[in-house]
Each structure stands twice: as structure tokens, then as C-alpha cells.
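Heads up, target23.cif below (mmCIF, C-alpha atoms):
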data_query
loop_
_atom_site.group_PDB
_atom_site.id
_atom_site.type_symbol
_atom_site.label_atom_id
_atom_site.label_comp_id
_atom_site.auth_asym_id
_atom_site.auth_seq_id
_atom_site.Cartn_x
_atom_site.Cartn_y
_atom_site.Cartn_z
ATOM 1 C CA LEU A 56 -110.819 -133.956 -31.256
ATOM 2 C CA ILE A 57 -109.187 -132.290 -28.231
ATOM 3 C CA SER A 58 -111.742 -133.945 -25.929
ATOM 4 C CA ARG A 59 -110.636 -137.382 -27.158
ATOM 5 C CA LEU A 60 -106.875 -136.822 -27.019
ATOM 6 C CA PRO A 61 -106.569 -136.806 -23.185
ATOM 7 C CA TYR A 62 -107.266 -140.546 -23.247
ATOM 8 C CA LEU A 63 -103.827 -140.849 -24.873
ATOM 9 C CA CYS A 64 -102.130 -137.930 -23.039
ATOM 10 C CA GLY A 65 -101.636 -136.670 -19.506
ATOM 11 C CA ASP A 66 -104.075 -133.761 -19.726
ATOM 12 C CA THR A 67 -105.878 -131.427 -22.120
ATOM 13 C CA ASP A 68 -102.946 -128.982 -22.353
ATOM 14 C CA GLU A 69 -100.590 -131.740 -23.456
ATOM 15 C CA ALA A 70 -103.151 -132.965 -25.956
ATOM 16 C CA ARG A 71 -103.596 -129.468 -27.400
ATOM 17 C CA LYS A 72 -99.835 -128.996 -27.719
ATOM 18 C CA ILE A 73 -99.459 -132.280 -29.622
ATOM 19 C CA LEU A 74 -102.351 -131.412 -31.923
ATOM 20 C CA GLU A 75 -101.022 -127.912 -32.671
ATOM 21 C CA GLN A 76 -97.549 -129.279 -33.372
ATOM 22 C CA SER A 77 -98.999 -131.846 -35.725
ATOM 23 C CA MET A 78 -101.211 -129.415 -37.605
ATOM 24 C CA GLU A 79 -98.590 -126.651 -37.925
ATOM 25 C CA GLY A 80 -95.467 -128.727 -38.420
ATOM 26 C CA GLY A 81 -93.897 -127.833 -35.062
ATOM 27 C CA GLU A 82 -91.370 -130.206 -33.578
ATOM 28 C CA THR A 83 -92.986 -133.224 -35.207
ATOM 29 C CA ARG A 84 -93.209 -131.639 -38.700
ATOM 30 C CA ARG A 85 -95.732 -134.360 -39.467
ATOM 31 C CA MET A 86 -98.233 -132.103 -41.250
ATOM 32 C CA THR A 87 -95.817 -130.231 -43.504
ATOM 33 C CA THR A 88 -97.075 -130.239 -47.089
ATOM 34 C CA LYS A 89 -95.053 -131.285 -50.129
ATOM 35 C CA LYS A 90 -94.836 -127.668 -51.262
ATOM 36 C CA GLN A 91 -93.445 -126.537 -47.908
ATOM 37 C CA ARG A 92 -90.911 -129.352 -47.847
ATOM 38 C CA LYS A 93 -89.693 -128.423 -51.304
ATOM 39 C CA SER A 94 -89.333 -124.720 -50.493
ATOM 40 C CA GLN A 95 -88.000 -125.097 -46.949
ATOM 41 C CA GLY A 96 -86.083 -128.336 -47.325
ATOM 42 C CA LYS A 97 -87.968 -130.052 -44.526
ATOM 43 C CA ASP A 98 -88.102 -133.816 -44.286
ATOM 44 C CA ALA A 99 -91.595 -134.711 -43.071
ATOM 45 C CA ASP A 100 -94.456 -137.123 -43.496
ATOM 46 C CA HIS A 101 -97.258 -136.532 -45.961
ATOM 47 C CA PHE A 102 -100.082 -134.312 -44.776
ATOM 48 C CA VAL A 103 -102.919 -136.579 -45.904
ATOM 49 C CA GLY A 104 -101.463 -139.806 -44.477
ATOM 50 C CA TYR A 105 -100.952 -138.363 -41.021
ATOM 51 C CA ALA A 106 -104.316 -136.598 -41.042
ATOM 52 C CA ARG A 107 -106.005 -139.936 -41.698
ATOM 53 C CA PHE A 108 -103.988 -141.544 -38.934
ATOM 54 C CA LEU A 109 -105.216 -138.867 -36.502
ATOM 55 C CA GLU A 110 -108.792 -139.268 -37.705
ATOM 56 C CA GLU A 111 -108.824 -143.032 -37.308
ATOM 57 C CA GLY A 112 -106.508 -143.537 -34.338
ATOM 58 C CA ILE A 113 -107.759 -140.714 -32.125
ATOM 59 C CA CYS A 114 -111.344 -140.215 -33.222
ATOM 60 C CA GLY A 115 -111.899 -143.952 -33.487
ATOM 61 C CA TYR A 116 -113.516 -144.137 -36.896
ATOM 62 C CA SER A 117 -112.785 -144.210 -40.592
ATOM 63 C CA LYS A 118 -115.240 -142.984 -43.200
ATOM 64 C CA LEU A 119 -116.174 -144.934 -46.290
ATOM 65 C CA SER A 120 -116.536 -142.520 -49.206
ATOM 66 C CA LEU A 121 -119.911 -142.931 -50.862
ATOM 67 C CA GLY A 122 -120.136 -139.838 -53.059
ATOM 68 C CA LYS A 123 -123.214 -137.752 -52.331
ATOM 69 C CA ARG A 124 -124.668 -140.269 -49.891
ATOM 70 C CA ASP A 125 -124.198 -139.987 -46.134
ATOM 71 C CA PRO A 126 -120.855 -141.543 -45.118
ATOM 72 C CA ILE A 127 -120.708 -144.944 -43.479
ATOM 73 C CA PHE A 128 -118.443 -145.145 -40.443
ATOM 74 C CA LEU A 129 -116.404 -148.251 -39.766
ATOM 75 C CA PRO A 130 -116.691 -149.874 -36.320
ATOM 76 C CA THR A 131 -114.512 -148.149 -33.698
ATOM 77 C CA SER A 132 -112.423 -151.298 -33.197
ATOM 78 C CA ILE A 133 -111.399 -153.546 -36.084
ATOM 79 C CA ASN A 134 -108.702 -156.185 -36.208
ATOM 80 C CA GLY A 135 -106.581 -155.165 -39.185
ATOM 81 C CA ARG A 136 -107.368 -151.453 -39.164
ATOM 82 C CA TYR A 137 -103.631 -150.762 -39.536
ATOM 83 C CA ALA A 138 -101.835 -154.119 -39.676
ATOM 84 C CA SER A 139 -102.494 -157.865 -39.912
ATOM 85 C CA VAL A 140 -100.333 -160.984 -39.772
ATOM 86 C CA SER A 141 -100.508 -164.684 -40.571
ATOM 87 C CA PRO A 142 -97.906 -167.275 -39.520
ATOM 88 C CA GLU A 143 -96.006 -166.588 -42.753
ATOM 89 C CA HIS A 144 -96.754 -163.064 -44.008
ATOM 90 C CA SER A 145 -97.535 -159.535 -42.843
ATOM 91 C CA ILE A 146 -99.583 -156.659 -44.285
ATOM 92 C CA VAL A 147 -99.559 -153.038 -43.110
ATOM 93 C CA ARG A 148 -101.387 -149.930 -44.263
ATOM 94 C CA ILE A 149 -98.939 -147.162 -44.999
ATOM 95 C CA GLY A 150 -99.067 -143.687 -46.483
ATOM 96 C CA GLY A 151 -96.878 -141.405 -48.512
ATOM 97 C CA ASP A 152 -93.961 -142.861 -50.369
ATOM 98 C CA GLY A 153 -93.845 -145.995 -48.199
ATOM 99 C CA ILE A 154 -90.662 -144.953 -46.411
ATOM 100 C CA LYS A 155 -91.177 -141.771 -44.360
ATOM 101 C CA SER A 156 -94.865 -142.105 -43.551
ATOM 102 C CA GLY A 157 -96.177 -144.365 -40.846
ATOM 103 C CA PRO A 158 -99.379 -146.399 -40.581
ATOM 104 C CA GLY A 159 -102.740 -144.904 -41.365
ATOM 105 C CA GLY A 160 -102.286 -144.080 -45.024
ATOM 106 C CA SER A 161 -104.212 -145.473 -47.938
ATOM 107 C CA GLY A 162 -101.426 -147.637 -49.365
ATOM 108 C CA VAL A 163 -100.399 -151.184 -48.440
ATOM 109 C CA THR A 164 -97.046 -152.856 -47.921
ATOM 110 C CA SER A 165 -96.442 -156.593 -47.413
ATOM 111 C CA TRP A 166 -93.590 -158.992 -46.725
ATOM 112 C CA GLY A 167 -92.842 -162.588 -45.755
ATOM 113 C CA VAL A 168 -93.543 -165.840 -47.607
ATOM 114 C CA GLY A 169 -95.071 -165.285 -51.035
ATOM 115 C CA LYS A 170 -95.296 -168.761 -52.564
ATOM 116 C CA ARG A 171 -99.087 -168.589 -53.037
ATOM 117 C CA GLY A 172 -99.284 -164.953 -54.122
ATOM 118 C CA GLN A 173 -100.441 -163.767 -50.684
ATOM 119 C CA LEU A 174 -98.171 -160.688 -50.835
ATOM 120 C CA GLY A 175 -99.965 -159.310 -53.899
ATOM 121 C CA HIS A 176 -96.853 -158.389 -55.907
ATOM 122 C CA GLY A 177 -97.680 -160.485 -58.970
ATOM 123 C CA LYS A 178 -95.110 -163.205 -58.317
ATOM 124 C CA ARG A 179 -94.524 -166.257 -56.145
ATOM 125 C CA GLU A 180 -91.469 -164.951 -54.350
ATOM 126 C CA ASP A 181 -90.704 -164.216 -50.719
ATOM 127 C CA GLU A 182 -90.045 -160.636 -49.639
ATOM 128 C CA PRO A 183 -87.633 -160.175 -46.693
ATOM 129 C CA GLU A 184 -88.511 -156.466 -46.398
ATOM 130 C CA PRO A 185 -91.733 -154.436 -46.743
ATOM 131 C CA LYS A 186 -92.705 -153.784 -50.357
ATOM 132 C CA MET A 187 -95.511 -151.510 -51.555
ATOM 133 C CA LEU A 188 -98.426 -152.965 -53.537
ATOM 134 C CA LEU A 189 -98.936 -151.387 -56.943
ATOM 135 C CA GLY A 190 -101.919 -151.183 -59.282
ATOM 136 C CA GLY A 191 -103.246 -147.851 -58.012
ATOM 137 C CA ILE A 192 -103.459 -148.944 -54.368
ATOM 138 C CA GLY A 193 -102.781 -145.932 -52.168
ATOM 139 C CA TYR A 194 -103.708 -143.503 -54.943
ATOM 140 C CA GLY A 195 -106.910 -144.156 -56.885
ATOM 141 C CA ILE A 196 -107.717 -147.041 -54.548
ATOM 142 C CA ARG A 197 -107.637 -146.077 -50.866
ATOM 143 C CA ILE A 198 -107.391 -148.984 -48.403
ATOM 144 C CA VAL A 199 -109.025 -148.715 -44.956
ATOM 145 C CA GLN A 200 -108.548 -152.264 -43.631
ATOM 146 C CA VAL A 201 -106.186 -155.191 -44.263
ATOM 147 C CA SER A 202 -106.432 -158.850 -43.257
ATOM 148 C CA ALA A 203 -103.805 -161.586 -43.622
ATOM 149 C CA GLY A 204 -105.013 -165.194 -43.474
ATOM 150 C CA GLY A 205 -103.180 -168.486 -43.389
ATOM 151 C CA GLY A 206 -101.949 -171.245 -41.129
ATOM 152 C CA LEU A 207 -99.467 -174.043 -40.894
ATOM 153 C CA VAL A 208 -100.548 -175.901 -44.038
ATOM 154 C CA ARG A 209 -98.598 -173.720 -46.485
ATOM 155 C CA VAL A 210 -101.632 -171.847 -47.751
ATOM 156 C CA ALA A 211 -102.241 -168.140 -47.242
ATOM 157 C CA HIS A 212 -104.369 -165.335 -48.639
ATOM 158 C CA SER A 213 -105.131 -161.674 -48.006
ATOM 159 C CA LEU A 214 -108.140 -159.331 -48.054
ATOM 160 C CA LEU A 215 -108.264 -155.556 -48.502
ATOM 161 C CA LEU A 216 -111.225 -153.219 -47.865
ATOM 162 C CA THR A 217 -111.357 -150.005 -49.891
ATOM 163 C CA SER A 218 -112.724 -146.613 -48.883
ATOM 164 C CA THR A 219 -115.655 -147.151 -51.249
ATOM 165 C CA GLY A 220 -116.666 -150.373 -49.496
ATOM 166 C CA ARG A 221 -115.302 -152.834 -52.068
ATOM 167 C CA VAL A 222 -113.287 -155.971 -51.254
ATOM 168 C CA LEU A 223 -110.075 -157.174 -52.888
ATOM 169 C CA SER A 224 -108.595 -160.646 -52.387
ATOM 170 C CA PHE A 225 -105.425 -162.411 -53.474
ATOM 171 C CA GLY A 226 -103.277 -165.420 -52.650
ATOM 172 C CA CYS A 227 -104.240 -169.091 -52.403
ATOM 173 C CA GLY A 228 -107.669 -169.905 -53.829
ATOM 174 C CA SER A 229 -107.688 -173.697 -53.458
ATOM 175 C CA TYR A 230 -110.609 -173.771 -51.020
ATOM 176 C CA GLY A 231 -112.641 -170.872 -52.390
ATOM 177 C CA GLN A 232 -111.369 -168.486 -49.705
ATOM 178 C CA LEU A 233 -110.825 -165.707 -52.283
ATOM 179 C CA GLY A 234 -114.523 -165.649 -53.201
ATOM 180 C CA HIS A 235 -113.991 -165.632 -56.973
ATOM 181 C CA GLY A 236 -115.523 -169.039 -57.679
ATOM 182 C CA TYR A 237 -114.291 -171.266 -60.490
ATOM 183 C CA SER A 238 -112.150 -169.816 -63.270
ATOM 184 C CA ASP A 239 -112.982 -170.333 -66.938
ATOM 185 C CA GLY A 240 -110.998 -173.566 -66.777
ATOM 186 C CA LYS A 241 -113.137 -174.826 -63.862
ATOM 187 C CA THR A 242 -110.234 -174.519 -61.432
ATOM 188 C CA LEU A 243 -109.628 -172.548 -58.242
ATOM 189 C CA PRO A 244 -106.407 -170.723 -59.094
ATOM 190 C CA ASP A 245 -104.181 -168.573 -56.937
ATOM 191 C CA TYR A 246 -104.356 -164.841 -57.637
ATOM 192 C CA LEU A 247 -100.989 -163.102 -57.451
ATOM 193 C CA ARG A 248 -102.405 -159.562 -57.468
ATOM 194 C CA PRO A 249 -105.432 -158.021 -55.715
ATOM 195 C CA LYS A 250 -108.725 -158.724 -57.510
ATOM 196 C CA TYR A 251 -112.165 -157.343 -56.692
ATOM 197 C CA ILE A 252 -114.723 -159.888 -55.485
ATOM 198 C CA ASP A 253 -117.499 -159.549 -58.043
ATOM 199 C CA HIS A 254 -120.193 -160.794 -55.668
ATOM 200 C CA PHE A 255 -119.972 -157.510 -53.720
ATOM 201 C CA ASN A 256 -120.333 -155.227 -56.736
ATOM 202 C CA GLY A 257 -122.942 -152.645 -55.792
ATOM 203 C CA THR A 258 -122.729 -153.620 -52.090
ATOM 204 C CA LYS A 259 -120.938 -151.513 -49.482
ATOM 205 C CA CYS A 260 -118.813 -153.541 -47.063
ATOM 206 C CA ILE A 261 -117.441 -152.327 -43.720
ATOM 207 C CA CYS A 262 -115.317 -155.184 -42.341
ATOM 208 C CA VAL A 263 -113.269 -158.096 -43.708
ATOM 209 C CA SER A 264 -111.399 -160.967 -42.083
ATOM 210 C CA ALA A 265 -109.240 -163.777 -43.467
ATOM 211 C CA GLY A 266 -108.872 -167.104 -41.658
ATOM 212 C CA GLU A 267 -106.686 -170.060 -42.524
ATOM 213 C CA LEU A 268 -108.898 -171.494 -45.273
ATOM 214 C CA HIS A 269 -111.951 -169.245 -45.117
ATOM 215 C CA SER A 270 -112.956 -165.575 -45.207
ATOM 216 C CA ALA A 271 -115.754 -163.363 -43.907
ATOM 217 C CA VAL A 272 -117.161 -159.966 -44.921
ATOM 218 C CA VAL A 273 -119.694 -157.680 -43.189
ATOM 219 C CA THR A 274 -121.839 -155.343 -45.304
ATOM 220 C CA ALA A 275 -123.122 -151.886 -44.396
ATOM 221 C CA ASP A 276 -126.587 -153.420 -43.920
ATOM 222 C CA GLY A 277 -125.236 -155.681 -41.153
ATOM 223 C CA ASP A 278 -125.255 -158.913 -43.174
ATOM 224 C CA LEU A 279 -122.464 -161.454 -42.689
ATOM 225 C CA PHE A 280 -121.064 -163.303 -45.711
ATOM 226 C CA THR A 281 -118.575 -166.180 -45.524
ATOM 227 C CA PHE A 282 -116.763 -168.317 -48.080
ATOM 228 C CA GLY A 283 -114.018 -170.920 -48.315
ATOM 229 C CA ASP A 284 -113.513 -174.217 -46.520
ATOM 230 C CA GLY A 285 -116.396 -175.292 -44.277
ATOM 231 C CA PHE A 286 -115.249 -178.689 -43.043
ATOM 232 C CA CYS A 287 -115.194 -177.577 -39.406
ATOM 233 C CA GLY A 288 -118.328 -175.438 -39.634
ATOM 234 C CA GLN A 289 -116.307 -172.208 -39.684
ATOM 235 C CA ILE A 290 -118.426 -170.566 -42.397
ATOM 236 C CA GLY A 291 -121.686 -171.132 -40.508
ATOM 237 C CA HIS A 292 -123.909 -172.672 -43.199
ATOM 238 C CA ARG A 293 -124.974 -175.783 -41.246
ATOM 239 C CA ASP A 294 -122.910 -178.135 -43.398
ATOM 240 C CA LYS A 295 -119.263 -178.986 -44.075
ATOM 241 C CA ARG A 296 -119.188 -178.171 -47.760
ATOM 242 C CA PRO A 297 -116.851 -175.484 -49.122
ATOM 243 C CA GLN A 298 -118.393 -172.249 -50.340
ATOM 244 C CA LEU A 299 -116.597 -170.942 -53.437
ATOM 245 C CA GLU A 300 -118.366 -167.578 -53.537
ATOM 246 C CA PRO A 301 -119.672 -165.346 -50.726
ATOM 247 C CA LYS A 302 -122.881 -166.583 -49.124
ATOM 248 C CA GLN A 303 -124.876 -164.857 -46.404
ATOM 249 C CA VAL A 304 -124.985 -166.599 -43.025
ATOM 250 C CA GLU A 305 -128.676 -167.149 -42.294
ATOM 251 C CA SER A 306 -128.596 -169.628 -39.439
ATOM 252 C CA GLY A 307 -127.974 -169.714 -35.718
ATOM 253 C CA GLY A 308 -129.936 -166.517 -35.142
ATOM 254 C CA LEU A 309 -127.636 -164.305 -37.228
ATOM 255 C CA GLU A 310 -130.308 -163.894 -39.895
ATOM 256 C CA ASP A 311 -132.138 -161.483 -37.571
ATOM 257 C CA GLU A 312 -129.057 -159.640 -36.288
ATOM 258 C CA CYS A 313 -127.133 -156.603 -37.510
ATOM 259 C CA VAL A 314 -123.481 -157.629 -37.544
ATOM 260 C CA THR A 315 -120.823 -154.920 -37.174
ATOM 261 C CA THR A 316 -117.526 -156.812 -36.868
ATOM 262 C CA VAL A 317 -116.198 -160.276 -37.726
ATOM 263 C CA ALA A 318 -112.949 -162.102 -36.911
ATOM 264 C CA CYS A 319 -111.772 -165.364 -38.482
ATOM 265 C CA GLY A 320 -109.477 -167.763 -36.659
ATOM 266 C CA ASN A 321 -107.831 -170.813 -38.178
ATOM 267 C CA ARG A 322 -110.971 -172.967 -38.063
ATOM 268 C CA HIS A 323 -113.574 -170.829 -36.297
ATOM 269 C CA THR A 324 -115.294 -167.442 -36.603
ATOM 270 C CA LEU A 325 -116.626 -164.781 -34.226
ATOM 271 C CA ALA A 326 -119.247 -162.194 -35.201
ATOM 272 C CA VAL A 327 -120.237 -159.187 -33.062
ATOM 273 C CA THR A 328 -123.630 -157.501 -33.431
ATOM 274 C CA GLU A 329 -124.631 -153.868 -32.890
ATOM 275 C CA GLU A 330 -126.247 -154.957 -29.621
ATOM 276 C CA GLY A 331 -122.901 -156.245 -28.352
ATOM 277 C CA GLU A 332 -123.738 -159.933 -28.696
ATOM 278 C CA VAL A 333 -121.030 -162.353 -29.831
ATOM 279 C CA PHE A 334 -121.778 -165.360 -32.067
ATOM 280 C CA SER A 335 -119.197 -168.130 -32.515
ATOM 281 C CA PHE A 336 -119.063 -171.131 -34.844
ATOM 282 C CA GLY A 337 -116.536 -173.613 -36.175
ATOM 283 C CA LEU A 338 -114.037 -176.005 -34.574
ATOM 284 C CA GLY A 339 -114.405 -175.833 -30.791
ATOM 285 C CA HIS A 340 -111.151 -177.440 -29.662
ATOM 286 C CA PHE A 341 -109.445 -175.808 -26.657
ATOM 287 C CA GLY A 342 -112.616 -173.861 -25.847
ATOM 288 C CA VAL A 343 -112.102 -171.272 -28.601
ATOM 289 C CA LEU A 344 -115.875 -170.899 -29.146
ATOM 290 C CA GLY A 345 -116.423 -169.777 -25.552
ATOM 291 C CA ARG A 346 -119.074 -172.391 -24.797
ATOM 292 C CA SER A 347 -119.411 -175.241 -22.336
ATOM 293 C CA TYR A 348 -118.866 -178.761 -23.600
ATOM 294 C CA THR A 349 -122.007 -180.600 -24.703
#
With the file now loaded, output its structure as C-alpha cells.
Amino acid sequence: LISRLPYLCGDTDEARKILEQSMEGGETRRMTTKKQRKSQGKDADHFVGYARFLEEGICGYSKLSLGKRDPIFLPTSINGRYASVSPEHSIVRIGGDGIKSGPGGSGVTSWGVGKRGQLGHGKREDEPEPKMLLGGIGYGIRIVQVSAGGGLVRVAHSLLLTSTGRVLSFGCGSYGQLGHGYSDGKTLPDYLRPKYIDHFNGTKCICVSAGELHSAVVTADGDLFTFGDGFCGQIGHRDKRPQLEPKQVESGGLEDECVTTVACGNRHTLAVTEEGEVFSFGLGHFGVLGRSYT
């Protein structure tokens, strides 16, 4: 850990001082436990939340907890590791009680426009200030990545990745971007609270991304799944039809690649492989796909 800290500090001595202060309380008092705060009257962040922030921010990885199996490490750089925004709402990972602790915890707070349920609070109301998500999130359900999707067409949705590799989605479902398929009434309803995507039951996922009307998920095996609106080719299935449930991308050469990270734009998608190659697909206006005109 000390060897990595100098990238953020002036030298090794400064890095060691910061680490010792953090681990022993020191001037920062960040690592003081609840018991110590109660007995000594100290006002400090939660031990676990800050420890996770150090692990992920400094060491550059976050472990997915898989029981007795070897842990799976998330990619060292993920959009949405700590925070994610759309044009109308924001989501941030936060620890502790949601007030004193900073980013890096296992809980989630959201705010902004909530008309389509994209904030996950169980109602269609805007939130002018950060509000913690309930339902066990941050306690029994530890979140390791957040992704806020949406655009300028008054639709928005959100994705959460748990420490066990499961995916939660909520918000607007009109185009299948939540991955839940049709409801019992053969409709595509909005979901006002986080709901697990059943398609990934039994599958460990390591990265999620929400676009304007589509979503993408990468599994621990390196497979890329997309779902939602496909009119501009942004889900990569060689047609313009919407995909209401997750479907693996098996075209354009990705079927033989091990994908590690994915990022969804409004109408296009980028996927990065373990070999460092970048694949792009979707609407190519303004050169967003990084290719020459044909």
C-alpha cells in the first residue's frame, strides 16, 4: 500500500504519515471505530467505509465477494466506481450514516429529477438534496459501482453492481433498458425501487453502464451483454430492434474477446478488452465512434 501512495503524495514519508494517521485516528480521525467514538466523544467517519475507500482509491481495485471461491477483482478504472450523473439525476456511493462518511462506502445516495423512478426511493418525486437508498443497500447489500443513465428526452434509469456480482436496475423501463422484460400485464413499467435483473442470476458481473435508452453489463467471464433501445445500433446486435432482456453481443469480433469494461453514451457504446482493444458501435454523429467516415 505504501508503495502506491507516493503517486498521490510528495514522497514515501508523506504517504506513510497519511496512512498511519488514517489507521490510528490521528489528525484525520477517519479510522476511529464506533466504540471509540462513543467512549471518547470523537466525531469521525466509519472505519469500514474509509477502509474500503483506501482499498479502492489507492490500491486501484475492489473485490467482489464470492464466498469460498477466489475473489474477482474489478477493473482498475471504471466510470461510476464512486459517482455517476445523467443530465437530470446523480448517484453517489457513500458509507456510514450518509452524512459524515465520504465516497467509497457500500451505500448509495441519489438526488435530482425523479419522475421516472430513477432515484430509487419508491416514488416519482424530485429530490433537491442527497437521499440514501433503503431496502438493505449499504448493509446486507454492498454496492461497488453505480451508473446513472438518461438524456434529454425525459427518460432516465440507474444501475447498481453489488459486491456479489449481481445487478440492480430501476427507473424508466419503456425501452427495455432495465432488463426485466415484459411484466405480467405485457407492459414495460417503470420500477421505482432497485430490482435484481433475473437474467444474471447465477452469473457474476464486474461492470455496468447505463446509457440514454440502453444498458450494458460485463460478466466475470468477459462476456458483454446489452439491452434496451437498439434503433441506432447502440446495443450491437446487427439490427435496430429493442432488446427487452440482456443479450450477449456476439458480432463485430467481440464474440472472441474478453471484455473488461464498458461505457454507454446516449446512442453509442464503447467496450474495452483485456488486450487493451476498444470496440465502438452505435450512432456515429460527431465522430463519437472514433472511426473515419465511410
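Here CA of Val343 in chain A stands at a distance of 24.0 Å from CA of Asp311 in chain A.
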(message) Using all atoms listed in the file for the distances, tell me which of A:Asn321, A:Thr281, A:Ser161, A:Ser218 is nearest to Tyr137 in chain A.
(response) A:Ser161
(request) Counting only C-alpha atoms, select every polymer residue within 7 Å of (-96.0, -160.5, -41.7) as defined in the file's coordinates, and provide the selection as a PyMOL selection string. (result) chain A and resi 140-141+143-146+165-167
(request) Given the file shown, determine the residues that the PyMOL selection byres ((chain A and resi 175) around 12) selects; report them as a PyMOL selection string. (result) chain A and resi 144-146+163-174+176-182+185-190+192+203+211-215+223-227+245-250
(message) Which polymer residues, whether protein, DNA or RNA, lie within 8 Å of the coordinate (-120.8, -153.8, -42.8) when you count all atoms listed in the file? List them as a PyMOL selection string, using the chain letters and numbers from the file.
(response) chain A and resi 129+259-262+272-279+314-316
Mind dumping the selected residues with C-alpha atoms as a PDB file, in the frame of the given file?
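Result file is out.pdb:
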ATOM      1  CA  LEU A 129    -116.404-148.251 -39.766  1.00  0.00           C
ATOM      2  CA  LYS A 259    -120.938-151.513 -49.482  1.00  0.00           C
ATOM      3  CA  CYS A 260    -118.813-153.541 -47.063  1.00  0.00           C
ATOM      4  CA  ILE A 261    -117.441-152.327 -43.720  1.00  0.00           C
ATOM      5  CA  CYS A 262    -115.317-155.184 -42.341  1.00  0.00           C
ATOM      6  CA  VAL A 272    -117.161-159.966 -44.921  1.00  0.00           C
ATOM      7  CA  VAL A 273    -119.694-157.680 -43.189  1.00  0.00           C
ATOM      8  CA  THR A 274    -121.839-155.343 -45.304  1.00  0.00           C
ATOM      9  CA  ALA A 275    -123.122-151.886 -44.396  1.00  0.00           C
ATOM     10  CA  ASP A 276    -126.587-153.420 -43.920  1.00  0.00           C
ATOM     11  CA  GLY A 277    -125.236-155.681 -41.153  1.00  0.00           C
ATOM     12  CA  ASP A 278    -125.255-158.913 -43.174  1.00  0.00           C
ATOM     13  CA  LEU A 279    -122.464-161.454 -42.689  1.00  0.00           C
ATOM     14  CA  VAL A 314    -123.481-157.629 -37.544  1.00  0.00           C
ATOM     15  CA  THR A 315    -120.823-154.920 -37.174  1.00  0.00           C
ATOM     16  CA  THR A 316    -117.526-156.812 -36.868  1.00  0.00           C
TER      17      THR A 316
END
(message) Please list as a PyMOL selection string every residue within 6 Å of Leu216 in chain A, counting all atoms listed in the file and excluding residues in the same chain fewer than 6 positions away.
(response) chain A and resi 198-200+222
(message) For the provided coordinates, the residues matched by the PyMOL selection byres ((chain A and resi 243) around 8) should be stated as a PyMOL selection string.
(response) chain A and resi 228-231+236-238+241-242+244-245
(message) Just want the 8 Å neighbourhood of range 284-297 of chain A, counted on only C-alpha atoms, with same-chain residues fewer than 6 positions away dropped. Output as a count of residues only.
(response) 16
(message) Report, in Å with one decimal, the straight-line distance from CA of Glu267 in chain A to CA of Thr328 in chain A.
(response) 23.0 Å
(message) Just the number, please: distance in Å from CA of Val208 in chain A to CA of Pro183 in chain A, one decimal.
(response) 20.5 Å
